[in-house]
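Heads up, model_24.tsv below (TSV, C-alpha atoms and all ligand atoms):
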chain	number	residue	atom	x	y	z
C	146	MET	CA	-15.29	-60.13	-67.39
C	147	VAL	CA	-14.00	-57.63	-64.81
C	148	THR	CA	-16.80	-56.51	-62.53
C	149	PRO	CA	-17.16	-52.77	-62.23
C	150	ALA	CA	-19.08	-53.22	-58.97
C	151	PRO	CA	-16.88	-53.47	-55.88
C	152	GLN	CA	-14.78	-50.32	-56.27
C	153	ALA	CA	-11.93	-51.61	-54.15
C	154	ASP	CA	-8.52	-50.15	-53.40
C	155	VAL	CA	-7.86	-53.34	-51.50
C	156	LEU	CA	-9.31	-56.77	-52.15
C	157	ILE	CA	-9.01	-59.29	-49.34
C	158	ILE	CA	-9.74	-62.99	-49.74
C	159	GLY	CA	-10.87	-64.51	-46.46
C	160	ALA	CA	-12.86	-63.06	-43.56
C	161	GLY	CA	-11.25	-64.84	-40.64
C	162	ILE	CA	-9.26	-62.93	-38.02
C	163	ALA	CA	-6.49	-62.17	-40.55
C	164	GLY	CA	-8.84	-60.82	-43.24
C	165	CYS	CA	-11.04	-58.87	-40.81
C	166	ALA	CA	-8.04	-57.30	-39.03
C	167	ALA	CA	-6.52	-56.39	-42.42
C	168	ALA	CA	-9.82	-54.85	-43.57
C	169	TYR	CA	-9.96	-52.79	-40.37
C	170	HIS	CA	-6.39	-51.49	-40.65
C	171	ALA	CA	-6.68	-50.73	-44.38
C	172	ALA	CA	-9.92	-48.84	-43.80
C	173	ARG	CA	-8.25	-46.78	-41.05
C	174	ARG	CA	-5.76	-45.70	-43.70
C	175	GLY	CA	-8.59	-44.49	-45.88
C	176	ARG	CA	-8.70	-47.43	-48.29
C	177	ARG	CA	-11.92	-48.79	-49.76
C	178	VAL	CA	-11.93	-52.47	-48.96
C	179	VAL	CA	-13.80	-55.45	-50.40
C	180	VAL	CA	-13.56	-58.80	-48.62
C	181	ILE	CA	-14.57	-62.01	-50.39
C	182	ASP	CA	-15.28	-65.09	-48.31
C	183	ALA	CA	-16.58	-68.51	-49.24
C	184	GLY	CA	-17.87	-69.15	-45.72
C	185	ILE	CA	-15.96	-72.42	-45.49
C	186	ASP	CA	-14.03	-73.85	-42.60
C	187	CYS	CA	-13.08	-70.66	-40.85
C	188	ALA	CA	-10.67	-71.53	-38.01
C	189	SER	CA	-11.36	-68.08	-36.61
C	190	THR	CA	-14.75	-69.22	-35.33
C	191	VAL	CA	-13.09	-71.05	-32.42
C	192	PRO	CA	-15.52	-69.87	-29.69
C	193	THR	CA	-12.99	-68.31	-27.31
C	194	ALA	CA	-9.30	-67.92	-28.19
C	195	LEU	CA	-6.39	-67.44	-25.85
C	196	ILE	CA	-4.12	-64.50	-26.48
C	197	ASN	CA	-1.05	-65.83	-24.76
C	198	PRO	CA	2.58	-65.29	-25.77
C	199	VAL	CA	4.00	-67.68	-23.13
C	200	ARG	CA	3.30	-71.15	-24.36
C	201	GLY	CA	3.81	-74.82	-23.66
C	202	TYR	CA	5.59	-76.70	-20.90
C	203	LEU	CA	8.78	-74.79	-21.72
C	204	ALA	CA	7.06	-71.38	-21.50
C	205	ARG	CA	8.35	-70.55	-24.98
C	206	HIS	CA	7.88	-67.02	-26.24
C	207	SER	CA	9.37	-64.72	-28.86
C	208	PRO	CA	9.48	-60.93	-29.29
C	209	ASP	CA	6.84	-61.30	-32.05
C	210	ASP	CA	4.54	-63.23	-29.72
C	211	VAL	CA	4.89	-60.61	-26.97
C	212	ALA	CA	4.36	-57.72	-29.41
C	213	GLY	CA	1.43	-59.64	-30.93
C	214	ALA	CA	-0.37	-59.96	-27.57
C	215	ARG	CA	0.12	-56.25	-26.94
C	216	ALA	CA	-1.27	-55.36	-30.37
C	217	SER	CA	-4.28	-57.69	-30.01
C	218	PHE	CA	-5.28	-56.26	-26.63
C	219	ALA	CA	-4.64	-52.69	-27.80
C	220	LEU	CA	-6.98	-53.33	-30.75
C	221	ILE	CA	-9.63	-54.76	-28.42
C	222	ASP	CA	-9.33	-51.66	-26.19
C	223	VAL	CA	-9.75	-49.33	-29.20
C	224	LEU	CA	-12.80	-51.24	-30.44
C	225	ARG	CA	-14.37	-51.21	-26.98
C	226	ALA	CA	-13.71	-47.48	-26.65
C	227	ALA	CA	-15.56	-47.06	-29.97
C	228	GLY	CA	-18.58	-48.76	-28.40
C	229	HIS	CA	-18.17	-52.36	-29.63
C	230	PRO	CA	-18.97	-54.96	-26.96
C	231	VAL	CA	-15.89	-57.13	-27.50
C	232	VAL	CA	-15.97	-59.84	-24.81
C	233	SER	CA	-12.45	-60.35	-23.56
C	234	GLY	CA	-10.48	-60.59	-20.35
C	235	ARG	CA	-6.88	-60.27	-19.24
C	236	GLY	CA	-5.09	-62.57	-16.87
C	237	LEU	CA	-4.00	-66.17	-17.32
C	238	TRP	CA	-3.05	-68.71	-14.66
C	239	ARG	CA	-0.63	-71.58	-15.08
C	240	PRO	CA	-0.47	-74.11	-12.26
C	241	VAL	CA	3.03	-75.39	-11.47
C	242	PRO	CA	3.16	-79.09	-10.61
C	243	ASP	CA	6.67	-79.23	-9.14
C	244	VAL	CA	9.75	-77.21	-8.29
C	245	GLU	CA	11.56	-78.37	-11.44
C	246	GLN	CA	8.81	-76.93	-13.66
C	247	ARG	CA	8.80	-73.75	-11.62
C	248	ASP	CA	12.57	-73.36	-12.15
C	249	ILE	CA	12.22	-73.87	-15.93
C	250	TRP	CA	9.53	-71.22	-16.20
C	251	ALA	CA	11.35	-68.82	-13.87
C	252	ALA	CA	14.47	-69.10	-16.04
C	253	GLN	CA	12.46	-68.64	-19.25
C	254	LEU	CA	10.58	-65.51	-18.25
C	255	PRO	CA	12.55	-62.32	-18.76
C	256	GLY	CA	11.86	-59.07	-16.91
C	257	HIS	CA	9.85	-57.55	-19.76
C	258	ILE	CA	7.12	-60.22	-19.53
C	259	ALA	CA	4.97	-59.24	-16.55
C	260	HIS	CA	4.35	-62.20	-14.25
C	261	SER	CA	3.97	-63.12	-10.62
C	262	TRP	CA	4.15	-66.29	-8.57
C	263	THR	CA	1.70	-67.38	-5.94
C	264	GLU	CA	2.76	-70.18	-3.66
C	265	GLY	CA	0.26	-72.82	-2.75
C	266	HIS	CA	-3.14	-73.76	-4.02
C	267	THR	CA	-4.59	-70.60	-5.50
C	268	LEU	CA	-6.35	-72.62	-8.16
C	269	GLU	CA	-7.68	-75.21	-5.73
C	270	ALA	CA	-11.25	-74.51	-6.71
C	271	VAL	CA	-10.70	-75.09	-10.41
C	272	LEU	CA	-7.65	-77.31	-10.71
C	273	ARG	CA	-7.43	-79.47	-7.63
C	274	GLY	CA	-4.01	-80.99	-7.36
C	275	PRO	CA	-0.68	-80.87	-5.60
C	276	TRP	CA	0.48	-77.62	-7.19
C	277	VAL	CA	3.56	-76.02	-5.67
C	278	ALA	CA	2.71	-72.60	-7.10
C	279	THR	CA	0.78	-70.78	-9.77
C	280	LEU	CA	2.23	-68.49	-12.38
C	281	TYR	CA	0.04	-65.50	-13.20
C	282	LEU	CA	0.46	-63.66	-16.53
C	283	PRO	CA	-1.50	-60.37	-16.35
C	284	ASP	CA	-0.87	-59.46	-20.01
C	285	SER	CA	-2.17	-62.74	-21.42
C	286	GLY	CA	-5.88	-63.41	-21.70
C	287	TRP	CA	-8.75	-64.44	-23.92
C	288	VAL	CA	-11.34	-63.12	-26.34
C	289	GLU	CA	-14.74	-64.36	-27.52
C	290	THR	CA	-13.94	-64.42	-31.18
C	291	ALA	CA	-17.39	-63.68	-32.66
C	292	SER	CA	-17.51	-60.37	-30.77
C	293	LEU	CA	-14.07	-59.34	-32.07
C	294	LEU	CA	-14.76	-60.37	-35.68
C	295	HIS	CA	-18.09	-58.56	-35.60
C	296	ALA	CA	-16.48	-55.37	-34.29
C	297	LEU	CA	-13.73	-55.47	-36.94
C	298	ARG	CA	-16.22	-56.04	-39.75
C	299	SER	CA	-18.45	-53.27	-38.59
C	300	GLU	CA	-15.67	-50.73	-37.89
C	301	SER	CA	-13.95	-51.42	-41.24
C	302	GLN	CA	-17.12	-50.58	-43.20
C	303	ALA	CA	-15.73	-52.88	-45.86
C	304	GLU	CA	-17.97	-54.54	-48.41
C	305	PHE	CA	-18.23	-58.24	-47.57
C	306	VAL	CA	-19.06	-60.47	-50.55
C	307	THR	CA	-19.93	-64.16	-50.33
C	308	GLY	CA	-18.19	-66.17	-53.01
C	309	GLU	CA	-15.38	-68.60	-53.66
C	310	VAL	CA	-12.21	-67.42	-55.36
C	311	VAL	CA	-11.08	-70.09	-57.82
C	312	GLY	CA	-8.15	-68.28	-59.42
C	313	VAL	CA	-5.75	-65.35	-59.06
C	314	ASP	CA	-4.27	-63.66	-62.14
C	315	ALA	CA	-0.55	-63.66	-62.85
C	316	GLN	CA	-0.15	-59.98	-61.88
C	317	ARG	CA	-1.88	-60.66	-58.50
C	318	ARG	CA	-4.31	-57.82	-59.13
C	319	SER	CA	-7.58	-59.67	-59.70
C	320	VAL	CA	-9.35	-62.84	-58.71
C	321	LEU	CA	-11.78	-65.12	-60.47
C	322	LEU	CA	-14.95	-66.09	-58.64
C	323	GLY	CA	-16.72	-69.41	-59.15
C	324	ALA	CA	-19.42	-67.75	-61.22
C	325	GLY	CA	-16.83	-66.67	-63.83
C	326	VAL	CA	-16.73	-63.11	-62.51
C	327	ARG	CA	-13.37	-61.37	-62.17
C	328	VAL	CA	-12.85	-58.78	-59.40
C	329	ALA	CA	-9.89	-56.41	-59.58
C	330	ALA	CA	-8.23	-54.02	-57.11
C	331	ARG	CA	-5.00	-52.05	-56.73
C	332	GLU	CA	-3.92	-54.28	-53.81
C	333	LEU	CA	-4.77	-57.89	-53.25
C	334	LEU	CA	-4.28	-59.72	-49.94
C	335	TRP	CA	-4.74	-63.46	-49.46
C	336	CYS	CA	-6.09	-64.43	-46.00
C	337	GLY	CA	-7.56	-67.79	-46.97
C	338	GLY	CA	-6.39	-69.85	-43.97
C	339	ALA	CA	-6.43	-73.63	-44.21
C	340	PHE	CA	-9.14	-73.99	-46.84
C	341	GLY	CA	-7.52	-71.37	-49.06
C	342	ALA	CA	-4.07	-72.97	-48.83
C	343	ALA	CA	-5.56	-76.32	-49.75
C	344	ARG	CA	-6.76	-74.70	-53.00
C	345	ILE	CA	-3.61	-72.87	-54.04
C	346	ALA	CA	-0.57	-74.41	-52.28
C	347	GLY	CA	0.78	-77.84	-53.08
C	348	ASP	CA	2.72	-78.38	-49.87
C	349	ALA	CA	0.35	-77.16	-47.15
C	350	ARG	CA	0.27	-78.81	-43.72
C	351	PHE	CA	-2.83	-78.81	-41.56
C	352	ARG	CA	-3.70	-79.62	-37.97
C	353	PRO	CA	-7.33	-80.15	-36.99
C	354	GLY	CA	-8.60	-79.63	-33.47
C	355	SER	CA	-11.67	-79.53	-31.26
C	356	VAL	CA	-12.78	-77.33	-28.40
C	357	LEU	CA	-15.55	-78.19	-25.91
C	358	GLU	CA	-18.17	-75.64	-24.92
C	359	CYS	CA	-19.14	-76.45	-21.33
C	360	GLU	CA	-21.89	-75.10	-19.13
C	361	GLU	CA	-19.66	-74.68	-16.08
C	362	ARG	CA	-17.69	-71.46	-15.55
C	363	LEU	CA	-14.41	-73.06	-14.54
C	364	HIS	CA	-12.57	-69.86	-13.63
C	365	PRO	CA	-13.13	-66.13	-14.21
C	366	ASP	CA	-9.75	-65.96	-16.02
C	367	ALA	CA	-8.02	-68.20	-18.52
C	368	VAL	CA	-6.22	-71.24	-17.13
C	369	SER	CA	-3.61	-73.17	-19.07
C	370	TYR	CA	-2.22	-76.53	-18.14
C	371	GLY	CA	-1.84	-78.77	-21.17
C	372	LEU	CA	-5.48	-77.96	-21.84
C	373	TYR	CA	-6.78	-74.44	-21.61
C	374	SER	CA	-10.02	-73.20	-20.19
C	375	ALA	CA	-11.41	-69.74	-20.70
C	376	PRO	CA	-14.75	-68.04	-20.16
C	377	HIS	CA	-17.36	-68.36	-22.88
C	378	GLY	CA	-20.85	-67.00	-22.39
C	379	ALA	CA	-21.99	-68.08	-18.94
C	380	GLY	CA	-19.78	-71.18	-19.16
C	381	SER	CA	-16.32	-72.06	-20.46
C	382	VAL	CA	-14.45	-73.51	-23.35
C	383	VAL	CA	-11.96	-76.32	-22.79
C	384	GLY	CA	-9.49	-77.50	-25.38
C	385	PRO	CA	-7.87	-78.10	-27.67
C	386	SER	CA	-7.77	-81.77	-28.60
C	387	THR	CA	-4.36	-83.17	-29.49
C	388	GLU	CA	-4.11	-83.99	-33.18
C	389	ALA	CA	-1.42	-84.92	-35.69
C	390	GLN	CA	-0.36	-82.78	-38.65
C	391	TYR	CA	-1.72	-83.78	-42.06
C	392	ALA	CA	-0.78	-83.03	-45.65
C	393	ASN	CA	-4.35	-83.75	-46.79
C	394	TYR	CA	-7.27	-81.40	-46.65
C	395	PRO	CA	-9.58	-81.79	-44.95
C	396	PRO	CA	-7.46	-83.80	-42.53
C	397	ALA	CA	-8.77	-87.20	-41.55
C	398	TRP	CA	-10.50	-87.00	-38.19
C	399	ASP	CA	-9.48	-89.79	-35.87
C	400	ALA	CA	-12.20	-92.45	-36.12
C	401	GLU	CA	-11.79	-93.19	-32.40
C	402	GLY	CA	-13.23	-89.76	-31.73
C	403	PRO	CA	-10.77	-87.06	-30.63
C	404	GLU	CA	-13.55	-85.42	-28.66
C	405	ALA	CA	-14.10	-88.46	-26.44
C	406	ARG	CA	-10.41	-88.32	-25.47
C	407	LEU	CA	-10.62	-84.56	-24.96
C	408	VAL	CA	-13.62	-84.88	-22.62
C	409	GLU	CA	-11.81	-87.57	-20.64
C	410	ARG	CA	-8.63	-85.45	-20.40
C	411	ALA	CA	-10.60	-82.36	-19.43
C	412	ARG	CA	-12.41	-84.23	-16.65
C	413	LYS	CA	-9.06	-85.51	-15.34
C	414	VAL	CA	-7.36	-82.09	-15.41
C	415	PHE	CA	-10.28	-80.13	-13.98
C	416	ARG	CA	-11.42	-82.97	-11.69
C	417	GLN	CA	-15.05	-82.11	-11.97
C	418	ALA	CA	-18.02	-83.15	-14.03
C	419	LEU	CA	-18.24	-81.07	-17.19
C	420	THR	CA	-21.51	-80.64	-19.03
C	421	VAL	CA	-20.52	-80.47	-22.67
C	422	ARG	CA	-23.02	-78.31	-24.54
C	423	SER	CA	-21.37	-78.53	-27.95
C	424	ILE	CA	-18.10	-79.35	-29.67
C	425	TRP	CA	-16.41	-76.99	-32.10
C	426	ARG	CA	-14.09	-78.39	-34.78
C	427	GLY	CA	-11.62	-76.46	-36.89
C	428	VAL	CA	-8.49	-76.82	-39.00
C	429	ARG	CA	-5.33	-74.79	-38.42
C	430	LEU	CA	-2.94	-73.99	-41.26
C	431	GLU	CA	0.57	-74.86	-40.06
C	432	SER	CA	2.64	-74.14	-43.19
C	433	ALA	CA	2.29	-73.59	-46.94
C	434	THR	CA	4.14	-72.10	-49.88
C	435	LEU	CA	1.75	-69.78	-51.66
C	436	PRO	CA	2.12	-68.76	-55.33
C	437	GLU	CA	4.96	-66.31	-55.96
C	438	GLY	CA	4.05	-62.65	-55.80
C	439	LEU	CA	0.86	-63.22	-53.82
C	440	THR	CA	0.79	-61.07	-50.67
C	441	ASP	CA	-0.67	-63.04	-47.82
C	442	LEU	CA	-1.31	-63.07	-44.11
C	443	GLY	CA	-1.60	-66.52	-42.67
C	444	ARG	CA	0.11	-69.68	-41.47
C	445	PHE	CA	-0.65	-68.64	-37.91
C	446	GLY	CA	-1.09	-72.23	-36.67
C	447	SER	CA	-2.58	-72.01	-33.18
C	448	ARG	CA	-1.81	-68.31	-32.79
C	449	GLY	CA	-4.11	-66.41	-35.14
C	450	TYR	CA	-5.54	-64.19	-32.40
C	451	LEU	CA	-2.07	-63.59	-30.99
C	452	LEU	CA	-0.37	-62.73	-34.28
C	453	ALA	CA	-2.86	-61.69	-36.98
C	454	PRO	CA	-3.94	-58.27	-35.64
C	455	ARG	CA	-0.31	-57.07	-35.45
C	456	ALA	CA	0.61	-58.67	-38.78
C	457	ALA	CA	-2.38	-56.89	-40.36
C	458	ALA	CA	-1.34	-53.53	-38.89
C	459	LEU	CA	2.23	-53.96	-40.22
C	460	TRP	CA	0.91	-54.90	-43.66
C	461	ALA	CA	-1.40	-51.84	-43.72
C	462	GLU	CA	1.55	-49.54	-42.89
C	463	ARG	CA	3.05	-50.48	-46.28
C	464	LEU	CA	-0.07	-49.64	-48.28
C	501	LIG	C1	-8.82	-76.24	-32.09
C	501	LIG	C2	-8.23	-74.88	-32.35
C	501	LIG	C3	-7.97	-74.05	-31.28
C	501	LIG	C4	-7.40	-72.78	-31.50
C	501	LIG	N1	-7.14	-71.97	-30.41
C	501	LIG	C5	-6.57	-70.77	-30.62
C	501	LIG	C6	-6.27	-69.91	-29.52
C	501	LIG	O1	-6.57	-70.21	-28.35
C	501	LIG	N2	-5.63	-68.72	-29.78
C	501	LIG	C7	-5.29	-68.34	-31.05
C	501	LIG	O2	-4.70	-67.27	-31.23
C	501	LIG	N3	-5.56	-69.14	-32.11
C	501	LIG	C8	-6.18	-70.33	-31.91
C	501	LIG	N4	-6.43	-71.16	-32.98
C	501	LIG	C9	-5.90	-70.79	-34.31
C	501	LIG	C10	-6.73	-69.75	-34.98
C	501	LIG	O3	-8.07	-70.17	-34.99
C	501	LIG	C11	-6.17	-69.57	-36.40
C	501	LIG	O4	-4.80	-69.26	-36.34
C	501	LIG	C12	-6.87	-68.41	-37.11
C	501	LIG	O5	-8.25	-68.56	-37.03
C	501	LIG	C13	-6.43	-68.33	-38.55
C	501	LIG	O6	-7.13	-67.25	-39.10
C	501	LIG	P1	-7.11	-66.94	-40.64
C	501	LIG	O7	-7.89	-65.69	-40.79
C	501	LIG	O8	-5.70	-67.00	-41.14
C	501	LIG	O9	-7.85	-68.18	-41.34
C	501	LIG	P2	-9.35	-68.72	-41.21
C	501	LIG	O10	-9.94	-68.38	-39.91
C	501	LIG	O11	-9.34	-70.16	-41.61
C	501	LIG	O12	-10.15	-67.91	-42.30
C	501	LIG	C14	-9.93	-68.11	-43.68
C	501	LIG	C15	-11.17	-67.68	-44.43
C	501	LIG	O13	-10.86	-67.64	-45.81
C	501	LIG	C16	-11.97	-68.10	-46.55
C	501	LIG	N5	-11.46	-68.65	-47.81
C	501	LIG	C17	-10.45	-69.54	-47.98
C	501	LIG	N6	-10.25	-69.78	-49.27
C	501	LIG	C18	-11.14	-69.03	-49.95
C	501	LIG	C19	-11.41	-68.87	-51.33
C	501	LIG	N7	-10.73	-69.54	-52.25
C	501	LIG	N8	-12.39	-68.02	-51.69
C	501	LIG	C20	-13.09	-67.31	-50.76
C	501	LIG	N9	-12.86	-67.45	-49.42
C	501	LIG	C21	-11.90	-68.30	-49.03
C	501	LIG	C22	-12.59	-69.17	-45.67
C	501	LIG	O14	-13.98	-69.30	-45.97
C	501	LIG	C23	-12.35	-68.62	-44.27
C	501	LIG	O15	-13.47	-67.89	-43.80
C	501	LIG	C24	-7.07	-72.40	-32.81
C	501	LIG	C25	-7.37	-73.22	-33.89
C	501	LIG	C26	-7.94	-74.47	-33.67
C	501	LIG	C27	-8.26	-75.34	-34.83
Could the structure of this file be written out as structure tokens, please?
Amino acid sequence: MVTPAPQADVLIIGAGIAGCAAAYHAARRGRRVVVIDAGIDCASTVPTALINPVRGYLARHSPDDVAGARASFALIDVLRAAGHPVVSGRGLWRPVPDVEQRDIWAAQLPGHIAHSWTEGHTLEAVLRGPWVATLYLPDSGWVETASLLHALRSESQAEFVTGEVVGVDAQRRSVLLGAGVRVAARELLWCGGAFGAARIAGDARFRPGSVLECEERLHPDAVSYGLYSAPHGAGSVVGPSTEAQYANYPPAWDAEGPEARLVERARKVFRQALTVRSIWRGVRLESATLPEGLTDLGRFGSRGYLLAPRAAALWAERL
């Protein structure tokens, strides 16, 4: 049967960062939105996420990454101005181990990406080591994800329904819930992340990962050197663990314990005792071919908080 209940213009499957940002942007365009979420394996619950367009040892970045960071922070500013206590900060430090690395980064960073160099041991207190310099990126930063998701949900005024979608009709206008109930809408958007792709895509690739929640506040800003640290509550998060890609879902967690290796690596990099309060585990969706005709936002890999808010705004412009 087709439920008369949620009177949706837009039906979104998945309430991670992609689904919540899409609900927010659709609602701002006057659409009535219903979001259905099974409450399973939401990668978006990573405790604190970096929003950083300059990534890796090669300082890779793309125009989409840079525009994504701008859009994410602009959204955070708007939500804060509306009274939502989104916990976030700007500024990210990257220690430079040697002149060669410094030259690579200097060559990679064009004029339109704001950055500055500090010679010497600015990060001595947090990352003791023989650094030749630190690179500071004022337009990168971090966000405590629960505060952002909460603000988006609340500002969207969408109807959030708990349930698992087990099928999508051929016209991509309605979905079937586990209980045999069909929900229809004028527009349907799939934001199902890793779990969703495992259900509807044959060729999906996944990458699991862990993040430590530590009691120590390692630095007031985000720091990225192989591992990242960023503020979380009164302490910090440190991560992520290094994991392989898998075709299976859920991916097999390394029996040796990825977290044990992560703790060891974190202690080496930060050269201080870390009190691990808890360990968060999640699964990123790296790639997937979704059924033809299904509009989706996803496949953000490790960059959901960098890319999803802008992708959602661009999608909503076409409504
Ligand atoms: C260890 C780790 C560290 C990370 N660090 C960062 C970082 O620093 N910065 C950053 O930007 N990103 C980071 N990410 C990536 C980021 O978390 C993801 O890119 C992002 O969360 C993906 O969001 P999403 O909304 O697409 O999917 P998800 O967050 O997975 O949400 C999908 C939702 O859809 C629901 N769903 C799926 N299928 C169905 C169905 N059939 N019916 C109903 N509901 C369904 C699920 O319950 C889930 O809530 C990290 C990820 C990991 C694993």
Within 6 Å of ligand LIG 501 (chain C), counting all atoms listed in the file, residues as a PyMOL selection string = chain C and resi 158-164+181-189+191+194-196+308-311+336-341+353-356+385+427-429+443+445-451
Between CA of Ile345 (chain C) and CA of Leu464 (chain C), distance in Å (one decimal) | 24.2 Å
Separation of CA of Tyr373 (chain C) from CA of Ala166 (chain C) in Å |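 Separation of CA of Ala166 (chain C) and CA of Tyr373 (chain C): 24.5 Å.
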Sorted per-residue table, region 370-412 of chain C near region 239-249 of chain C, closest atoms and distance, 12 Å, only C-alpha atoms, as CSV:
residue,atom,partner,partner_atom,distance
C:Tyr370,CA,C:Arg239,CA,6.0
C:Gly371,CA,C:Arg239,CA,9.5
C:Leu372,CA,C:Arg239,CA,10.5
C:Tyr373,CA,C:Arg239,CA,9.4
C:Ser374,CA,C:Arg239,CA,10.8
Using all atoms listed in the file, which of C:Arg344, C:Arg176, C:His260, C:Arg317 sits nearest Leu439 (chain C)?
-> C:Arg317
Counting all atoms listed in the file, the option among C:Val211, C:Ala216, C:Ala346, C:Val383 closest to His364 (chain C) |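 Residue with the minimum atom-to-atom distance to His364 (chain C): C:Val383.
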Pick from C:Arg444, C:Arg463, C:Arg318, C:Arg455, whichever lies nearest to Phe218 (chain C) using all atoms listed in the file =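 For Phe218 (chain C), the nearest of the candidates is C:Arg455.
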Which of these residues is nearest to Val223 (chain C), using only C-alpha atoms: C:Leu334, C:Val178, C:Ile258, C:Ala296?
->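 For Val223 (chain C), the nearest of the given residues is C:Ala296.
Distances from C:Leu224, C:Val306, C:Ala315, C:Val368 to Ala153 (chain C) were compared using only C-alpha atoms, and the smallest one belongs to C:Val306.
Restricting the calculation to all atoms listed in the file, the smallest distance between Gln316 (chain C) and any of C:Ile221, C:Ile157, C:Ala329, C:Ile424 is found for C:Ala329.
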